[in-house]
Amino acid sequence: MLTLLARVHDGVTRAGFLLGGVTLCGIVLCFWLEVIARYFFNSPTLWSGAMVAYLLCLSISLATPELARTHGHIAITVLPERLGPAARAFYDRLLALVTGAVCAVAGWICVQESLRQFSYHTTTAMGLDIPKVWVSSFIAYAMINAALYFLRHAFTRAAPEATPSDDSDSAASSATTDARKGP
(Lines give C-alpha, C1' and ligand atoms only; values in the text may rest on other atoms or scores of the structure.)
Protein backbone atom coordinates (compact mmCIF):
# COMPACT_ATOMS: atom_id res chain seq x y z
CA MET A 1 0.00 0.00 0.00
CA LEU A 2 2.81 2.42 0.85
CA THR A 3 4.59 1.73 -2.42
CA LEU A 4 1.35 2.47 -4.29
CA LEU A 5 1.01 5.77 -2.42
CA ALA A 6 4.65 6.58 -3.13
CA ARG A 7 4.16 5.87 -6.85
CA VAL A 8 1.05 8.07 -6.96
CA HIS A 9 2.92 10.80 -5.08
CA ASP A 10 5.82 10.54 -7.55
CA GLY A 11 3.43 10.67 -10.52
CA VAL A 12 1.63 13.75 -9.24
CA THR A 13 4.99 15.39 -8.58
CA ARG A 14 6.27 14.65 -12.09
CA ALA A 15 3.05 15.99 -13.60
CA GLY A 16 3.38 19.13 -11.48
CA PHE A 17 6.98 19.54 -12.62
CA LEU A 18 5.87 19.37 -16.27
CA LEU A 19 3.11 21.87 -15.56
CA GLY A 20 5.75 24.10 -13.97
CA GLY A 21 7.60 24.00 -17.30
CA VAL A 22 4.40 25.02 -19.08
CA THR A 23 4.12 28.02 -16.76
CA LEU A 24 7.61 29.08 -17.85
CA CYS A 25 6.32 29.07 -21.42
CA GLY A 26 3.44 31.24 -20.19
CA ILE A 27 5.95 33.70 -18.74
CA VAL A 28 7.75 33.95 -22.08
CA LEU A 29 4.43 34.43 -23.89
CA CYS A 30 3.42 37.23 -21.48
CA PHE A 31 6.72 39.01 -22.06
CA TRP A 32 6.34 38.67 -25.83
CA LEU A 33 2.81 40.07 -25.71
CA GLU A 34 3.96 42.96 -23.53
CA VAL A 35 6.82 43.84 -25.88
CA ILE A 36 4.58 43.66 -28.95
CA ALA A 37 1.81 45.70 -27.30
CA ARG A 38 4.20 48.30 -25.89
CA TYR A 39 6.57 48.85 -28.81
CA PHE A 40 4.49 48.04 -31.87
CA PHE A 41 1.06 49.28 -30.77
CA ASN A 42 2.15 51.85 -28.14
CA SER A 43 -0.38 50.31 -25.76
CA PRO A 44 1.26 48.39 -22.88
CA THR A 45 -0.77 45.76 -21.12
CA LEU A 46 -1.90 46.26 -17.55
CA TRP A 47 -1.93 42.59 -16.68
CA SER A 48 1.27 41.04 -18.05
CA GLY A 49 3.55 42.04 -15.15
CA ALA A 50 1.12 40.60 -12.62
CA MET A 51 0.64 37.46 -14.68
CA VAL A 52 4.40 36.91 -14.89
CA ALA A 53 4.68 37.21 -11.09
CA TYR A 54 1.86 34.69 -10.55
CA LEU A 55 3.25 32.26 -13.11
CA LEU A 56 6.73 32.51 -11.59
CA CYS A 57 5.31 31.60 -8.19
CA LEU A 58 3.45 28.66 -9.74
CA SER A 59 6.53 27.50 -11.62
CA ILE A 60 8.70 27.48 -8.52
CA SER A 61 6.00 25.88 -6.39
CA LEU A 62 5.36 23.12 -8.92
CA ALA A 63 9.08 22.38 -9.40
CA THR A 64 10.06 22.31 -5.72
CA PRO A 65 8.70 18.82 -4.89
CA GLU A 66 10.49 17.28 -7.88
CA LEU A 67 13.76 18.85 -6.77
CA ALA A 68 13.23 17.42 -3.29
CA ARG A 69 12.38 14.00 -4.77
CA THR A 70 15.50 13.82 -6.96
CA HIS A 71 17.90 15.61 -4.60
CA GLY A 72 18.12 18.33 -7.23
CA HIS A 73 18.32 21.17 -4.74
CA ILE A 74 21.50 23.07 -3.95
CA ALA A 75 23.64 21.39 -1.31
CA ILE A 76 26.83 22.44 0.41
CA THR A 77 28.77 19.19 0.64
CA VAL A 78 32.02 20.19 2.35
CA LEU A 79 31.22 18.31 5.57
CA PRO A 80 29.41 15.25 4.13
CA GLU A 81 32.22 14.56 1.67
CA ARG A 82 34.68 14.18 4.54
CA LEU A 83 32.54 11.75 6.53
CA GLY A 84 32.82 7.99 6.43
CA PRO A 85 29.96 5.93 4.96
CA ALA A 86 28.16 5.29 8.27
CA ALA A 87 28.51 8.88 9.48
CA ARG A 88 27.45 10.15 6.04
CA ALA A 89 24.32 7.99 6.09
CA PHE A 90 23.45 9.25 9.60
CA TYR A 91 24.13 12.86 8.55
CA ASP A 92 21.98 12.52 5.41
CA ARG A 93 19.08 11.01 7.35
CA LEU A 94 19.27 13.60 10.11
CA LEU A 95 19.44 16.45 7.61
CA ALA A 96 16.49 15.04 5.65
CA LEU A 97 14.50 14.69 8.88
CA VAL A 98 15.20 18.26 10.02
CA THR A 99 14.53 19.65 6.54
CA GLY A 100 11.29 17.68 6.32
CA ALA A 101 10.18 19.05 9.69
CA VAL A 102 10.98 22.63 8.65
CA CYS A 103 9.12 22.21 5.34
CA ALA A 104 6.16 20.65 7.17
CA VAL A 105 5.93 23.61 9.56
CA ALA A 106 6.22 26.05 6.63
CA GLY A 107 3.53 24.08 4.78
CA TRP A 108 1.24 24.18 7.81
CA ILE A 109 1.70 27.96 8.06
CA CYS A 110 0.95 28.31 4.33
CA VAL A 111 -2.21 26.21 4.65
CA GLN A 112 -3.39 28.33 7.58
CA GLU A 113 -2.73 31.52 5.60
CA SER A 114 -4.47 30.12 2.51
CA LEU A 115 -7.52 29.28 4.59
CA ARG A 116 -7.52 32.78 6.06
CA GLN A 117 -7.26 34.33 2.60
CA PHE A 118 -10.11 32.14 1.39
CA SER A 119 -12.39 33.04 4.30
CA TYR A 120 -11.73 36.79 3.97
CA HIS A 121 -11.87 36.77 0.13
CA THR A 122 -8.46 38.48 -0.04
CA THR A 123 -7.31 39.45 -3.52
CA THR A 124 -3.93 40.41 -4.90
CA ALA A 125 -3.00 44.07 -5.22
CA MET A 126 -1.35 43.93 -8.63
CA GLY A 127 -2.75 44.92 -12.03
CA LEU A 128 -4.62 41.63 -12.33
CA ASP A 129 -6.64 41.07 -9.18
CA ILE A 130 -7.20 37.41 -8.40
CA PRO A 131 -7.94 35.65 -5.11
CA LYS A 132 -4.66 35.30 -3.19
CA VAL A 133 -5.57 31.74 -2.26
CA TRP A 134 -5.03 30.77 -5.91
CA VAL A 135 -1.36 31.62 -5.51
CA SER A 136 -0.71 30.76 -1.86
CA SER A 137 -2.25 27.30 -2.14
CA PHE A 138 0.50 26.37 -4.61
CA ILE A 139 3.13 27.48 -2.10
CA ALA A 140 1.47 25.23 0.49
CA TYR A 141 1.51 22.38 -2.06
CA ALA A 142 5.25 22.91 -2.58
CA MET A 143 6.13 22.95 1.11
CA ILE A 144 3.97 19.97 2.08
CA ASN A 145 5.17 17.80 -0.80
CA ALA A 146 8.80 18.75 -0.25
CA ALA A 147 8.32 17.81 3.42
CA LEU A 148 6.90 14.43 2.40
CA TYR A 149 9.88 13.76 0.13
CA PHE A 150 12.44 14.76 2.74
CA LEU A 151 10.70 12.54 5.29
CA ARG A 152 10.61 9.71 2.76
CA HIS A 153 14.36 10.17 2.28
CA ALA A 154 14.89 10.17 6.04
CA PHE A 155 12.95 6.97 6.69
CA THR A 156 13.73 4.84 3.64
CA ARG A 157 16.80 2.71 3.45
CA ALA A 158 19.49 3.77 1.03
CA ALA A 159 20.34 1.39 -1.77
CA PRO A 160 23.30 -0.84 -0.88
CA GLU A 161 26.69 0.05 -2.31
CA ALA A 162 27.40 -1.63 -5.63
CA THR A 163 29.96 -4.41 -5.44
CA PRO A 164 32.10 -5.57 -8.34
CA SER A 165 30.70 -8.63 -10.05
CA ASP A 166 32.70 -11.77 -10.70
CA ASP A 167 32.25 -11.67 -14.46
CA SER A 168 34.18 -9.84 -17.16
CA ASP A 169 33.03 -6.45 -15.87
CA SER A 170 35.16 -6.78 -12.73
CA ALA A 171 38.14 -5.10 -14.38
CA ALA A 172 35.95 -2.18 -15.45
CA SER A 173 34.38 -2.01 -11.98
CA SER A 174 37.70 -1.87 -10.19
CA ALA A 175 38.90 0.87 -12.52
CA THR A 176 36.26 3.28 -11.20
CA THR A 177 37.30 5.81 -8.60
CA ASP A 178 35.74 6.78 -5.32
CA ALA A 179 33.95 10.12 -5.80
CA ARG A 180 34.95 11.28 -2.30
CA LYS A 181 38.65 10.71 -2.92
CA GLY A 182 38.86 11.96 -6.50
CA PRO A 183 40.72 10.33 -9.40
# chains A, B, ... in the order shown; residues from 1 in each chain; ligands from 1
call {"tool": "residues_around", "arguments": {"residues": "stretch 98-105 of chain A", "least_positions_apart": "6", "cutoff": "6 Å", "atoms": "only C-alpha atoms", "output": "list in words"}}
result
Met143, Ile144, Ala147, Phe150 and Leu151 of chain A
call {"tool": "atom_distance", "arguments": {"atom1": "atom CA of A:Asp129", "atom2": "atom CA of A:Ser59"}}
result
19.1 Å
call {"tool": "closest_residue", "arguments": {"among": "A:His121, A:Arg152, A:Arg116, A:Arg38", "to": "A:Ala6", "atoms": "only C-alpha atoms"}}
result
A:Arg152
call {"tool": "select_by_dssp", "arguments": {"residues": "chain A", "states": "alpha helix (DSSP H)", "output": "PyMOL selection string"}}
result
chain A and resi 2-39+48-69+78-81+85-120+133-155+170-174
call {"tool": "closest_residue", "arguments": {"among": "A:Tyr91, A:Arg157, A:Gly127, A:Arg7", "to": "A:Thr45", "atoms": "only C-alpha atoms"}}
result
A:Gly127
call {"tool": "decode", "arguments": {"residues": "stretch 94-115 of chain A", "atoms": "N, CA and C atoms", "output": "PDB file, in the first residue's frame"}}
result
ATOM      1  N   LEU A  94      19.585  12.546   9.147  1.00  0.00           N
ATOM      2  CA  LEU A  94      19.270  13.601  10.108  1.00  0.00           C
ATOM      3  C   LEU A  94      18.927  14.900   9.382  1.00  0.00           C
ATOM      4  N   LEU A  95      19.705  15.241   8.378  1.00  0.00           N
ATOM      5  CA  LEU A  95      19.443  16.452   7.614  1.00  0.00           C
ATOM      6  C   LEU A  95      18.093  16.368   6.891  1.00  0.00           C
ATOM      7  N   ALA A  96      17.782  15.217   6.324  1.00  0.00           N
ATOM      8  CA  ALA A  96      16.490  15.040   5.653  1.00  0.00           C
ATOM      9  C   ALA A  96      15.345  15.157   6.655  1.00  0.00           C
ATOM     10  N   LEU A  97      15.530  14.618   7.853  1.00  0.00           N
ATOM     11  CA  LEU A  97      14.503  14.692   8.884  1.00  0.00           C
ATOM     12  C   LEU A  97      14.262  16.139   9.324  1.00  0.00           C
ATOM     13  N   VAL A  98      15.333  16.864   9.592  1.00  0.00           N
ATOM     14  CA  VAL A  98      15.202  18.261  10.015  1.00  0.00           C
ATOM     15  C   VAL A  98      14.592  19.108   8.892  1.00  0.00           C
ATOM     16  N   THR A  99      15.059  18.904   7.676  1.00  0.00           N
ATOM     17  CA  THR A  99      14.535  19.655   6.539  1.00  0.00           C
ATOM     18  C   THR A  99      13.062  19.330   6.316  1.00  0.00           C
ATOM     19  N   GLY A 100      12.699  18.063   6.446  1.00  0.00           N
ATOM     20  CA  GLY A 100      11.293  17.680   6.320  1.00  0.00           C
ATOM     21  C   GLY A 100      10.429  18.339   7.380  1.00  0.00           C
ATOM     22  N   ALA A 101      10.933  18.403   8.602  1.00  0.00           N
ATOM     23  CA  ALA A 101      10.181  19.050   9.686  1.00  0.00           C
ATOM     24  C   ALA A 101      10.007  20.543   9.407  1.00  0.00           C
ATOM     25  N   VAL A 102      11.066  21.200   8.954  1.00  0.00           N
ATOM     26  CA  VAL A 102      10.979  22.633   8.650  1.00  0.00           C
ATOM     27  C   VAL A 102       9.990  22.878   7.509  1.00  0.00           C
ATOM     28  N   CYS A 103      10.064  22.062   6.465  1.00  0.00           N
ATOM     29  CA  CYS A 103       9.123  22.210   5.344  1.00  0.00           C
ATOM     30  C   CYS A 103       7.690  21.920   5.782  1.00  0.00           C
ATOM     31  N   ALA A 104       7.504  20.962   6.678  1.00  0.00           N
ATOM     32  CA  ALA A 104       6.160  20.649   7.171  1.00  0.00           C
ATOM     33  C   ALA A 104       5.585  21.828   7.957  1.00  0.00           C
ATOM     34  N   VAL A 105       6.393  22.442   8.801  1.00  0.00           N
ATOM     35  CA  VAL A 105       5.926  23.611   9.558  1.00  0.00           C
ATOM     36  C   VAL A 105       5.604  24.755   8.597  1.00  0.00           C
ATOM     37  N   ALA A 106       6.480  24.993   7.621  1.00  0.00           N
ATOM     38  CA  ALA A 106       6.223  26.046   6.635  1.00  0.00           C
ATOM     39  C   ALA A 106       4.948  25.734   5.843  1.00  0.00           C
ATOM     40  N   GLY A 107       4.738  24.475   5.486  1.00  0.00           N
ATOM     41  CA  GLY A 107       3.525  24.079   4.782  1.00  0.00           C
ATOM     42  C   GLY A 107       2.283  24.298   5.618  1.00  0.00           C
ATOM     43  N   TRP A 108       2.369  23.974   6.899  1.00  0.00           N
ATOM     44  CA  TRP A 108       1.236  24.180   7.810  1.00  0.00           C
ATOM     45  C   TRP A 108       0.902  25.671   7.899  1.00  0.00           C
ATOM     46  N   ILE A 109       1.922  26.515   8.016  1.00  0.00           N
ATOM     47  CA  ILE A 109       1.702  27.963   8.060  1.00  0.00           C
ATOM     48  C   ILE A 109       1.049  28.435   6.762  1.00  0.00           C
ATOM     49  N   CYS A 110       1.518  27.923   5.629  1.00  0.00           N
ATOM     50  CA  CYS A 110       0.945  28.308   4.330  1.00  0.00           C
ATOM     51  C   CYS A 110      -0.506  27.869   4.204  1.00  0.00           C
ATOM     52  N   VAL A 111      -0.816  26.678   4.688  1.00  0.00           N
ATOM     53  CA  VAL A 111      -2.207  26.210   4.647  1.00  0.00           C
ATOM     54  C   VAL A 111      -3.085  27.108   5.509  1.00  0.00           C
ATOM     55  N   GLN A 112      -2.613  27.447   6.706  1.00  0.00           N
ATOM     56  CA  GLN A 112      -3.388  28.333   7.581  1.00  0.00           C
ATOM     57  C   GLN A 112      -3.623  29.688   6.915  1.00  0.00           C
ATOM     58  N   GLU A 113      -2.595  30.233   6.285  1.00  0.00           N
ATOM     59  CA  GLU A 113      -2.731  31.521   5.603  1.00  0.00           C
ATOM     60  C   GLU A 113      -3.659  31.412   4.400  1.00  0.00           C
ATOM     61  N   SER A 114      -3.575  30.318   3.657  1.00  0.00           N
ATOM     62  CA  SER A 114      -4.466  30.125   2.513  1.00  0.00           C
ATOM     63  C   SER A 114      -5.916  30.043   2.962  1.00  0.00           C
ATOM     64  N   LEU A 115      -6.161  29.356   4.059  1.00  0.00           N
ATOM     65  CA  LEU A 115      -7.523  29.276   4.589  1.00  0.00           C
ATOM     66  C   LEU A 115      -8.026  30.648   5.042  1.00  0.00           C
TER      67      LEU A 115
END
